[in-house]
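Source file: upload.txt; contents: compact mmCIF, C-alpha atoms.
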```
# COMPACT_ATOMS: atom_id res chain seq x y z
CA MET A 51 14.27 39.58 -48.18
CA SER A 52 11.14 39.83 -46.08
CA ILE A 53 11.26 39.97 -42.32
CA LYS A 54 8.54 38.05 -40.51
CA LYS A 55 6.97 40.00 -37.65
CA ARG A 56 6.99 38.07 -34.39
CA ALA A 57 3.75 37.80 -32.48
CA SER A 58 3.43 39.78 -29.30
CA ILE A 59 3.40 38.03 -25.96
CA SER A 60 -0.33 38.77 -25.55
CA ASP A 61 -1.05 37.13 -28.95
CA MET A 62 0.93 34.06 -27.89
CA ILE A 63 -0.98 33.87 -24.59
CA ASP A 64 -4.33 34.21 -26.40
CA GLU A 65 -3.33 31.45 -28.80
CA TYR A 66 -2.29 29.23 -25.88
CA PHE A 67 -5.64 29.70 -24.11
CA GLU A 68 -7.56 29.01 -27.34
CA GLU A 69 -5.69 25.71 -27.71
CA MET A 70 -6.40 24.85 -24.07
CA GLU A 71 -10.10 25.59 -24.57
CA LYS A 72 -10.22 23.28 -27.64
CA TRP A 73 -8.53 20.55 -25.63
CA ALA A 74 -10.97 21.01 -22.71
CA ASP A 75 -13.93 20.76 -25.13
CA GLN A 76 -12.57 17.48 -26.49
CA VAL A 77 -12.14 16.08 -22.97
CA ARG A 78 -15.65 17.19 -21.97
CA GLU A 79 -17.06 15.55 -25.09
CA THR A 80 -15.43 12.20 -24.34
CA ILE A 81 -16.44 12.03 -20.67
CA SER A 82 -19.85 13.68 -20.82
CA GLU A 83 -22.56 11.52 -19.39
CA LYS A 84 -25.21 10.26 -21.75
CA PRO A 85 -27.81 7.54 -21.43
CA CYS A 86 -26.43 4.11 -22.23
CA TRP A 87 -29.67 2.97 -23.79
CA ASP A 88 -31.73 3.97 -26.83
CA LEU A 89 -35.44 3.35 -26.42
CA LYS A 90 -36.14 3.94 -30.13
CA THR A 91 -34.03 0.94 -31.12
CA CYS A 92 -34.55 -0.95 -27.81
CA ALA A 93 -30.75 -1.21 -27.49
CA ILE A 94 -28.32 -0.81 -24.63
CA GLU A 95 -24.64 0.03 -24.94
CA PRO A 96 -22.51 -2.77 -23.46
CA LEU A 97 -19.60 -2.22 -21.11
CA ARG A 98 -16.29 -2.34 -22.93
CA GLU A 99 -12.57 -1.90 -22.48
CA ILE A 100 -9.91 -1.06 -25.05
CA THR A 101 -6.35 -2.16 -24.30
CA VAL A 102 -3.57 -0.87 -26.56
CA LYS A 103 -0.51 -3.11 -26.56
CA PRO A 104 2.72 -2.73 -28.58
CA THR A 105 1.66 -5.31 -31.18
CA GLU A 106 -2.14 -5.37 -30.93
CA VAL A 107 -5.30 -3.70 -29.69
CA MET A 108 -7.65 -5.83 -27.61
CA VAL A 109 -11.30 -4.83 -27.24
CA THR A 110 -13.30 -6.64 -24.56
CA VAL A 111 -17.10 -6.25 -24.60
CA ASP A 112 -19.49 -7.53 -21.93
CA LEU A 113 -22.54 -9.14 -23.59
CA PRO A 114 -24.54 -10.88 -20.85
CA TYR A 115 -27.73 -12.60 -22.03
CA ALA A 116 -26.65 -12.18 -25.67
CA ASP A 117 -27.68 -14.84 -28.17
CA LYS A 118 -24.33 -16.11 -29.53
CA LYS A 119 -25.83 -16.71 -32.98
CA THR A 120 -26.70 -13.02 -33.39
CA VAL A 121 -23.39 -11.45 -32.29
CA ARG A 122 -22.06 -9.32 -35.14
CA VAL A 123 -18.74 -7.43 -35.30
CA GLU A 124 -18.13 -5.25 -38.35
CA ALA A 125 -15.32 -2.92 -39.30
CA VAL A 126 -17.08 0.33 -40.22
CA ASN A 127 -13.87 1.97 -41.43
CA ALA A 128 -10.13 1.84 -40.69
CA SER A 129 -10.61 3.04 -37.09
CA SER A 130 -14.13 2.03 -36.00
CA LEU A 131 -16.06 -1.12 -35.12
CA GLU A 132 -19.78 -1.71 -34.84
CA ILE A 133 -20.93 -4.44 -32.47
CA SER A 134 -24.49 -5.71 -32.14
CA ALA A 135 -26.29 -8.70 -30.67
CA GLU A 136 -29.82 -9.72 -29.80
CA MET A 137 -30.59 -10.62 -26.17
CA LYS A 138 -31.93 -14.02 -25.16
CA LYS A 139 -34.59 -12.32 -23.03
CA LYS A 140 -36.05 -8.84 -22.99
CA ILE A 141 -35.28 -6.65 -19.99
CA ARG A 142 -37.63 -3.92 -18.77
CA LEU A 143 -36.02 -0.70 -17.58
CA THR A 144 -37.76 -1.15 -14.24
CA GLU A 145 -35.76 -4.39 -13.77
CA LEU A 146 -32.60 -2.27 -14.02
CA GLY A 147 -33.88 0.12 -11.34
CA ILE A 148 -34.87 2.82 -13.83
CA THR A 149 -38.27 4.06 -12.72
CA HIS A 150 -38.48 7.44 -14.48
CA ARG A 151 -38.66 5.84 -17.96
CA GLN A 152 -40.71 3.09 -19.55
CA GLY A 153 -39.25 0.72 -22.09
CA VAL A 154 -37.71 -2.63 -22.96
CA ILE A 155 -34.14 -3.48 -23.89
CA GLN A 156 -33.78 -6.38 -26.33
CA ARG A 157 -30.41 -5.88 -28.03
CA PHE A 158 -26.85 -4.64 -27.57
CA HIS A 159 -25.33 -2.03 -29.85
CA ALA A 160 -22.02 -0.14 -29.73
CA TRP A 161 -19.74 1.92 -31.94
CA ILE A 162 -16.11 1.69 -30.88
CA ARG A 163 -13.36 3.97 -32.10
CA ILE A 164 -9.90 2.40 -32.14
CA PRO A 165 -7.30 4.98 -31.01
CA VAL A 166 -4.35 3.68 -33.09
CA THR A 167 -3.94 2.34 -36.63
CA VAL A 168 -4.76 -1.35 -36.89
CA ASN A 169 -5.17 -4.00 -39.58
CA MET A 170 -8.94 -4.63 -39.66
CA ASP A 171 -8.51 -7.46 -42.19
CA LYS A 172 -6.74 -9.61 -39.58
CA MET A 173 -9.33 -9.12 -36.83
CA LYS A 174 -9.86 -12.14 -34.55
CA VAL A 175 -13.13 -12.45 -32.62
CA GLU A 176 -13.82 -14.86 -29.76
CA ASN A 177 -16.98 -15.09 -27.66
CA LYS A 178 -16.74 -16.96 -24.34
CA LYS A 179 -19.44 -16.97 -21.68
CA GLY A 180 -20.86 -13.57 -22.62
CA ILE A 181 -17.47 -11.86 -23.00
CA LEU A 182 -16.58 -10.83 -26.54
CA GLU A 183 -12.85 -10.47 -27.19
CA ILE A 184 -11.65 -8.74 -30.35
CA ARG A 185 -7.95 -8.72 -31.24
CA LEU A 186 -6.65 -6.33 -33.88
CA PRO A 187 -2.97 -6.39 -34.90
CA ARG A 188 -1.39 -2.95 -35.01
CA LYS A 189 0.01 -1.65 -38.26
CA ALA A 190 3.76 -1.15 -38.22
CA LEU A 191 4.90 2.42 -38.45
CA ILE A 192 7.51 3.04 -41.10
CA HIS A 193 10.18 5.53 -40.13
CA ASN A 194 12.27 7.13 -42.81
CA ARG A 195 15.69 7.71 -41.38
CA ARG A 196 18.64 9.13 -43.19
CA GLN A 197 21.68 7.00 -42.99
CA LYS A 198 24.86 8.90 -42.35
```

Exercise: express the given structure as structure tokens:
Amino acid sequence: MSIKKRASISDMIDEYFEEMEKWADQVRETISEKPCWDLKTCAIEPLREITVKPTEVMVTVDLPYADKKTVRVEAVNASSLEISAEMKKKIRLTELGITHRQGVIQRFHAWIRIPVTVNMDKMKVENKKGILEIRLPRKALIHNRRQK
């Protein structure tokens, strides 16, 4: 029979702070500020909101000036969506109050990660007055419980 050596209190504290540092890095990564436009592709990232409900996930994307015929929503994988659309008119960065850069925005583009498991095959997309609404039904979680 082998006896497992317990970690010292200082090892446990070190491990705790390493976990906290990993968590802080993940938080910093998600909230770090980055430009919302890409001048190479002439695209801007639209405003969006993800609402997780008990039975579905609803993604709302703001697409003002988007040409309805060019709006495209694709499931990239089981937990990501790619949304793109061409704009009806080109917008210069100076029109948005950005004076330190030169360029034109002519399309919307966004990658959206869905935080829970959903059924991408049953995705419903609706576009009304420049607001894109995507509804994704959540997958049911199966719990294995022992019956006594």

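Shortest atom-to-atom contact with Asp171 (chain A) among A:Pro104, A:Pro187, A:Pro114, A:Gly147: A:Pro187, counting all atoms listed in the file.
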
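Shortest separation to Val123 (chain A) among A:Val109, A:Val154, A:Lys189, A:Lys139 occurs at residue A:Val109, atoms counted being all atoms listed in the file.
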
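Residue nearest Lys174 (chain A), chosen from A:Leu143, A:Ser134, A:Leu186, A:Val107 and counting all atoms listed in the file: A:Leu186.
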
List the residues sitting within 10 Å of (-4.8, -2.5, -32.3) in the file's frame, using only C-alpha atoms, as a PDB file with C-alpha atoms, keeping the file's coordinate frame.
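The resulting file, part-v3.pdb, is reproduced below:
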```pdb
ATOM      1  CA  ILE A 100      -9.910  -1.060 -25.050  1.00  0.00           C
ATOM      2  CA  THR A 101      -6.350  -2.160 -24.300  1.00  0.00           C
ATOM      3  CA  VAL A 102      -3.570  -0.870 -26.560  1.00  0.00           C
ATOM      4  CA  LYS A 103      -0.510  -3.110 -26.560  1.00  0.00           C
ATOM      5  CA  PRO A 104       2.720  -2.730 -28.580  1.00  0.00           C
ATOM      6  CA  THR A 105       1.660  -5.310 -31.180  1.00  0.00           C
ATOM      7  CA  GLU A 106      -2.140  -5.370 -30.930  1.00  0.00           C
ATOM      8  CA  VAL A 107      -5.300  -3.700 -29.690  1.00  0.00           C
ATOM      9  CA  MET A 108      -7.650  -5.830 -27.610  1.00  0.00           C
ATOM     10  CA  VAL A 109     -11.300  -4.830 -27.240  1.00  0.00           C
ATOM     11  CA  SER A 129     -10.610   3.040 -37.090  1.00  0.00           C
ATOM     12  CA  ILE A 164      -9.900   2.400 -32.140  1.00  0.00           C
ATOM     13  CA  PRO A 165      -7.300   4.980 -31.010  1.00  0.00           C
ATOM     14  CA  VAL A 166      -4.350   3.680 -33.090  1.00  0.00           C
ATOM     15  CA  THR A 167      -3.940   2.340 -36.630  1.00  0.00           C
ATOM     16  CA  VAL A 168      -4.760  -1.350 -36.890  1.00  0.00           C
ATOM     17  CA  ASN A 169      -5.170  -4.000 -39.580  1.00  0.00           C
ATOM     18  CA  MET A 170      -8.940  -4.630 -39.660  1.00  0.00           C
ATOM     19  CA  MET A 173      -9.330  -9.120 -36.830  1.00  0.00           C
ATOM     20  CA  ILE A 184     -11.650  -8.740 -30.350  1.00  0.00           C
ATOM     21  CA  ARG A 185      -7.950  -8.720 -31.240  1.00  0.00           C
ATOM     22  CA  LEU A 186      -6.650  -6.330 -33.880  1.00  0.00           C
ATOM     23  CA  PRO A 187      -2.970  -6.390 -34.900  1.00  0.00           C
ATOM     24  CA  ARG A 188      -1.390  -2.950 -35.010  1.00  0.00           C
ATOM     25  CA  LYS A 189       0.010  -1.650 -38.260  1.00  0.00           C
TER      26      LYS A 189
END
```

- Task: Measuring atom to atom with only C-alpha atoms, identify which of A:His159, A:Lys178, A:Lys172, A:Lys138 is nearest to Ala116 (chain A).
- Result: A:Lys138

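From CA of Ala160 (chain A) back to CA of Glu95 (chain A), the distance works out to 5.5 Å.
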
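Across A:Arg163, A:Arg122, A:Arg142, A:His150, the tightest approach to Ile94 (chain A) is made by A:Arg142 when counting only C-alpha atoms.
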
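From CA of Ala128 (chain A) back to CA of Glu183 (chain A), the distance works out to 18.5 Å.
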
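CA of Asp75 (chain A) is positioned 28.3 Å from CA of Lys90 (chain A).
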
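With all atoms listed in the file as the atoms that count, the minimum distance from Val126 (chain A) to the choices A:Ala190, A:Trp161, A:Leu146, A:Gln156 is reached by A:Trp161.
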
For region 172-189 of chain A, I'd like the enclosing box, axis-aligned and padded by 3 Å on every side, reported as JSON with centre and edge lengths in Å to one decimal.
```
{"center_x": -10.4, "center_y": -9.3, "center_z": -30.6, "size_x": 26.9, "size_y": 21.3, "size_z": 23.9}
```
